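J.: My questions all concern the structure below.
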Amino acid sequence: MLVLTRRVGESIQICDHIEIKVISVQGDQIKLGINAPKDVDIHRKEIYLSIQESNNEAASVSTNILERLNKSLRQ
């Protein structure tokens, strides 16, 4: 993991298209601004993990349905 120190108003550049800027620091909260192309999905980590879990559940459900359908067609 790369750890960088930035002050309010300073930024971090990722590749050519993503900039993360420190907007403010208040106590234990940091506000970040992110400039990125519209096609780049940006989520808080807990939301990202929830989306991944939902996608995995949906994929396993559809696999089960396809297996049941396949068994029904064989009979």
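Every chain in the structure tokens takes a letter, A first, then B, and so on in the order presented; its residues are numbered from 1, and the ligands are numbered from 1 following the presented order.
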From a DSSP calculation on the backbone, collect every residue of chain A in strand (DSSP E or B) and output the set as an NGL selection string.
T.: :A and (11-14 or 18-26 or 29-35)
J.: As number ranges by chain, which residues of chain A does DSSP assign to alpha helix (DSSP H)?
T.: A: 45-74
J.: Quick one: residues within 9 Å of stretch 37-53 of chain A, only C-alpha atoms, excluding same-chain residues fewer than 5 positions away - as a ChimeraX atom specification?
T.: /A:17-18,58
J.: Record the distance separating atom CA of A:Glu19 and atom CA of A:Arg6, expressed in Å with one decimal.
T.: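 Computing the Euclidean distance for atom CA of A:Glu19 and atom CA of A:Arg6 yields 12.9 Å.
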J.: Neighbours of A:Ile34 within 10 Å (only C-alpha atoms; same-chain residues fewer than 4 positions away dropped), as JSON, numbers by chain?
T.: {"A": [11, 12, 13, 18, 19, 20, 21, 22, 23, 42]}
J.: What would the file look like if the residues just selected were written as a compact mmCIF listing (two decimals), in the first residue's frame with all heavy atoms?
T.:
# COMPACT_ATOMS: atom_id res chain seq x y z
N SER A 11 -3.54 17.47 -4.09
CA SER A 11 -4.17 16.34 -4.75
C SER A 11 -3.21 15.21 -5.04
O SER A 11 -2.00 15.34 -4.89
CB SER A 11 -4.84 16.72 -6.06
OG SER A 11 -4.62 17.95 -6.52
N ILE A 12 -3.82 14.12 -5.48
CA ILE A 12 -3.09 12.93 -5.93
C ILE A 12 -3.61 12.63 -7.32
O ILE A 12 -4.82 12.64 -7.56
CB ILE A 12 -3.38 11.73 -4.99
CG1 ILE A 12 -2.86 12.04 -3.58
CG2 ILE A 12 -2.79 10.45 -5.54
CD1 ILE A 12 -3.36 11.07 -2.54
N GLN A 13 -2.71 12.38 -8.24
CA GLN A 13 -3.08 12.07 -9.62
C GLN A 13 -2.90 10.59 -9.87
O GLN A 13 -1.84 10.02 -9.57
CB GLN A 13 -2.20 12.87 -10.59
CG GLN A 13 -2.60 12.76 -12.03
CD GLN A 13 -3.86 13.55 -12.34
OE1 GLN A 13 -4.13 14.58 -11.74
NE2 GLN A 13 -4.64 13.05 -13.27
N ILE A 18 -7.60 10.58 -13.47
CA ILE A 18 -8.22 10.58 -12.15
C ILE A 18 -7.40 11.43 -11.19
O ILE A 18 -6.21 11.22 -11.01
CB ILE A 18 -8.36 9.15 -11.59
CG1 ILE A 18 -9.19 8.30 -12.54
CG2 ILE A 18 -8.95 9.17 -10.19
CD1 ILE A 18 -9.24 6.82 -12.20
N GLU A 19 -8.08 12.39 -10.58
CA GLU A 19 -7.44 13.26 -9.58
C GLU A 19 -8.25 13.18 -8.29
O GLU A 19 -9.48 13.29 -8.30
CB GLU A 19 -7.42 14.72 -10.06
CG GLU A 19 -6.83 15.66 -9.03
CD GLU A 19 -6.96 17.13 -9.42
OE1 GLU A 19 -7.76 17.44 -10.32
OE2 GLU A 19 -6.28 17.95 -8.80
N ILE A 20 -7.57 12.98 -7.18
CA ILE A 20 -8.20 12.96 -5.86
C ILE A 20 -7.65 14.15 -5.08
O ILE A 20 -6.44 14.26 -4.89
CB ILE A 20 -7.92 11.64 -5.12
CG1 ILE A 20 -8.43 10.47 -5.95
CG2 ILE A 20 -8.55 11.67 -3.73
CD1 ILE A 20 -8.05 9.12 -5.41
N LYS A 21 -8.56 15.03 -4.65
CA LYS A 21 -8.14 16.27 -3.99
C LYS A 21 -8.69 16.31 -2.57
O LYS A 21 -9.85 15.97 -2.33
CB LYS A 21 -8.67 17.47 -4.78
CG LYS A 21 -8.19 18.80 -4.26
CD LYS A 21 -8.61 19.92 -5.20
CE LYS A 21 -8.02 21.23 -4.77
NZ LYS A 21 -8.35 22.30 -5.72
N VAL A 22 -7.85 16.72 -1.62
CA VAL A 22 -8.29 16.90 -0.24
C VAL A 22 -9.05 18.23 -0.18
O VAL A 22 -8.49 19.29 -0.41
CB VAL A 22 -7.10 16.89 0.74
CG1 VAL A 22 -7.59 17.11 2.16
CG2 VAL A 22 -6.31 15.60 0.63
N ILE A 23 -10.34 18.14 0.16
CA ILE A 23 -11.19 19.33 0.20
C ILE A 23 -11.17 19.95 1.60
O ILE A 23 -11.03 21.17 1.74
CB ILE A 23 -12.65 18.97 -0.18
CG1 ILE A 23 -12.69 18.32 -1.58
CG2 ILE A 23 -13.55 20.18 -0.10
CD1 ILE A 23 -12.18 19.19 -2.70
N ILE A 42 -17.14 4.96 -9.15
CA ILE A 42 -16.50 5.32 -7.88
C ILE A 42 -17.52 5.09 -6.77
O ILE A 42 -18.62 5.63 -6.81
CB ILE A 42 -16.04 6.79 -7.88
CG1 ILE A 42 -15.05 7.03 -9.02
CG2 ILE A 42 -15.43 7.16 -6.54
CD1 ILE A 42 -14.69 8.47 -9.25
J.: Mind giving me the straight-line distance from atom CA of A:Ser24 to atom CA of A:Val3 in Å, one decimal?
T.: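 Between atom CA of A:Ser24 and atom CA of A:Val3 the gap works out to 18.3 Å.
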J.: Take atom CA of A:Ser54 and atom CA of A:Ala36 and report the distance between them in Å, one decimal.
T.: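 Computed distance, atom CA of A:Ser54 to atom CA of A:Ala36, equals 25.1 Å.
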J.: Which residues are near A:Val25? Cut-off 12 Å, only C-alpha atoms, ignore same chain within fewer than 2 positions. Put them as a PyMOL selection string.
T.: chain A and resi 6-10+21-23+27-32
J.: Selection from above, N, CA, C and O atoms, as a PDB file, in the first residue's frame, can you write it?
T.:
ATOM      1  N   ARG A   6      -1.087  14.517   2.384  1.00  0.00           N
ATOM      2  CA  ARG A   6      -1.551  15.665   1.604  1.00  0.00           C
ATOM      3  C   ARG A   6      -2.208  16.648   2.542  1.00  0.00           C
ATOM      4  O   ARG A   6      -2.785  16.270   3.565  1.00  0.00           O
ATOM      5  N   ARG A   7      -2.170  17.905   2.199  1.00  0.00           N
ATOM      6  CA  ARG A   7      -2.846  18.957   2.959  1.00  0.00           C
ATOM      7  C   ARG A   7      -4.078  19.407   2.178  1.00  0.00           C
ATOM      8  O   ARG A   7      -4.235  19.092   1.000  1.00  0.00           O
ATOM      9  N   VAL A   8      -4.936  20.178   2.836  1.00  0.00           N
ATOM     10  CA  VAL A   8      -6.127  20.705   2.163  1.00  0.00           C
ATOM     11  C   VAL A   8      -5.710  21.458   0.904  1.00  0.00           C
ATOM     12  O   VAL A   8      -4.770  22.251   0.929  1.00  0.00           O
ATOM     13  N   GLY A   9      -6.394  21.165  -0.189  1.00  0.00           N
ATOM     14  CA  GLY A   9      -6.089  21.800  -1.475  1.00  0.00           C
ATOM     15  C   GLY A   9      -5.102  21.026  -2.321  1.00  0.00           C
ATOM     16  O   GLY A   9      -4.985  21.280  -3.517  1.00  0.00           O
ATOM     17  N   GLU A  10      -4.379  20.086  -1.729  1.00  0.00           N
ATOM     18  CA  GLU A  10      -3.422  19.275  -2.488  1.00  0.00           C
ATOM     19  C   GLU A  10      -4.123  18.047  -3.060  1.00  0.00           C
ATOM     20  O   GLU A  10      -5.172  17.642  -2.584  1.00  0.00           O
ATOM     21  N   LYS A  21      -8.557  15.033  -4.649  1.00  0.00           N
ATOM     22  CA  LYS A  21      -8.141  16.268  -3.991  1.00  0.00           C
ATOM     23  C   LYS A  21      -8.692  16.312  -2.565  1.00  0.00           C
ATOM     24  O   LYS A  21      -9.845  15.967  -2.333  1.00  0.00           O
ATOM     25  N   VAL A  22      -7.850  16.724  -1.624  1.00  0.00           N
ATOM     26  CA  VAL A  22      -8.289  16.897  -0.243  1.00  0.00           C
ATOM     27  C   VAL A  22      -9.046  18.225  -0.176  1.00  0.00           C
ATOM     28  O   VAL A  22      -8.485  19.291  -0.414  1.00  0.00           O
ATOM     29  N   ILE A  23     -10.337  18.140   0.157  1.00  0.00           N
ATOM     30  CA  ILE A  23     -11.193  19.327   0.204  1.00  0.00           C
ATOM     31  C   ILE A  23     -11.167  19.948   1.597  1.00  0.00           C
ATOM     32  O   ILE A  23     -11.033  21.165   1.743  1.00  0.00           O
ATOM     33  N   GLY A  27     -11.668  17.305  12.342  1.00  0.00           N
ATOM     34  CA  GLY A  27     -11.569  16.234  13.325  1.00  0.00           C
ATOM     35  C   GLY A  27     -11.066  14.954  12.672  1.00  0.00           C
ATOM     36  O   GLY A  27     -10.014  14.950  12.053  1.00  0.00           O
ATOM     37  N   ASP A  28     -11.863  13.886  12.786  1.00  0.00           N
ATOM     38  CA  ASP A  28     -11.440  12.608  12.198  1.00  0.00           C
ATOM     39  C   ASP A  28     -12.084  12.364  10.836  1.00  0.00           C
ATOM     40  O   ASP A  28     -12.064  11.252  10.322  1.00  0.00           O
ATOM     41  N   GLN A  29     -12.671  13.411  10.225  1.00  0.00           N
ATOM     42  CA  GLN A  29     -13.270  13.268   8.907  1.00  0.00           C
ATOM     43  C   GLN A  29     -12.472  14.037   7.868  1.00  0.00           C
ATOM     44  O   GLN A  29     -12.027  15.166   8.106  1.00  0.00           O
ATOM     45  N   ILE A  30     -12.326  13.407   6.716  1.00  0.00           N
ATOM     46  CA  ILE A  30     -11.634  14.023   5.586  1.00  0.00           C
ATOM     47  C   ILE A  30     -12.593  14.027   4.414  1.00  0.00           C
ATOM     48  O   ILE A  30     -13.206  13.006   4.096  1.00  0.00           O
ATOM     49  N   LYS A  31     -12.755  15.185   3.768  1.00  0.00           N
ATOM     50  CA  LYS A  31     -13.584  15.264   2.574  1.00  0.00           C
ATOM     51  C   LYS A  31     -12.662  15.260   1.366  1.00  0.00           C
ATOM     52  O   LYS A  31     -11.721  16.052   1.283  1.00  0.00           O
ATOM     53  N   LEU A  32     -12.955  14.334   0.440  1.00  0.00           N
ATOM     54  CA  LEU A  32     -12.167  14.202  -0.773  1.00  0.00           C
ATOM     55  C   LEU A  32     -13.022  14.558  -1.981  1.00  0.00           C
ATOM     56  O   LEU A  32     -14.200  14.213  -2.038  1.00  0.00           O
TER      57      LEU A  32
END
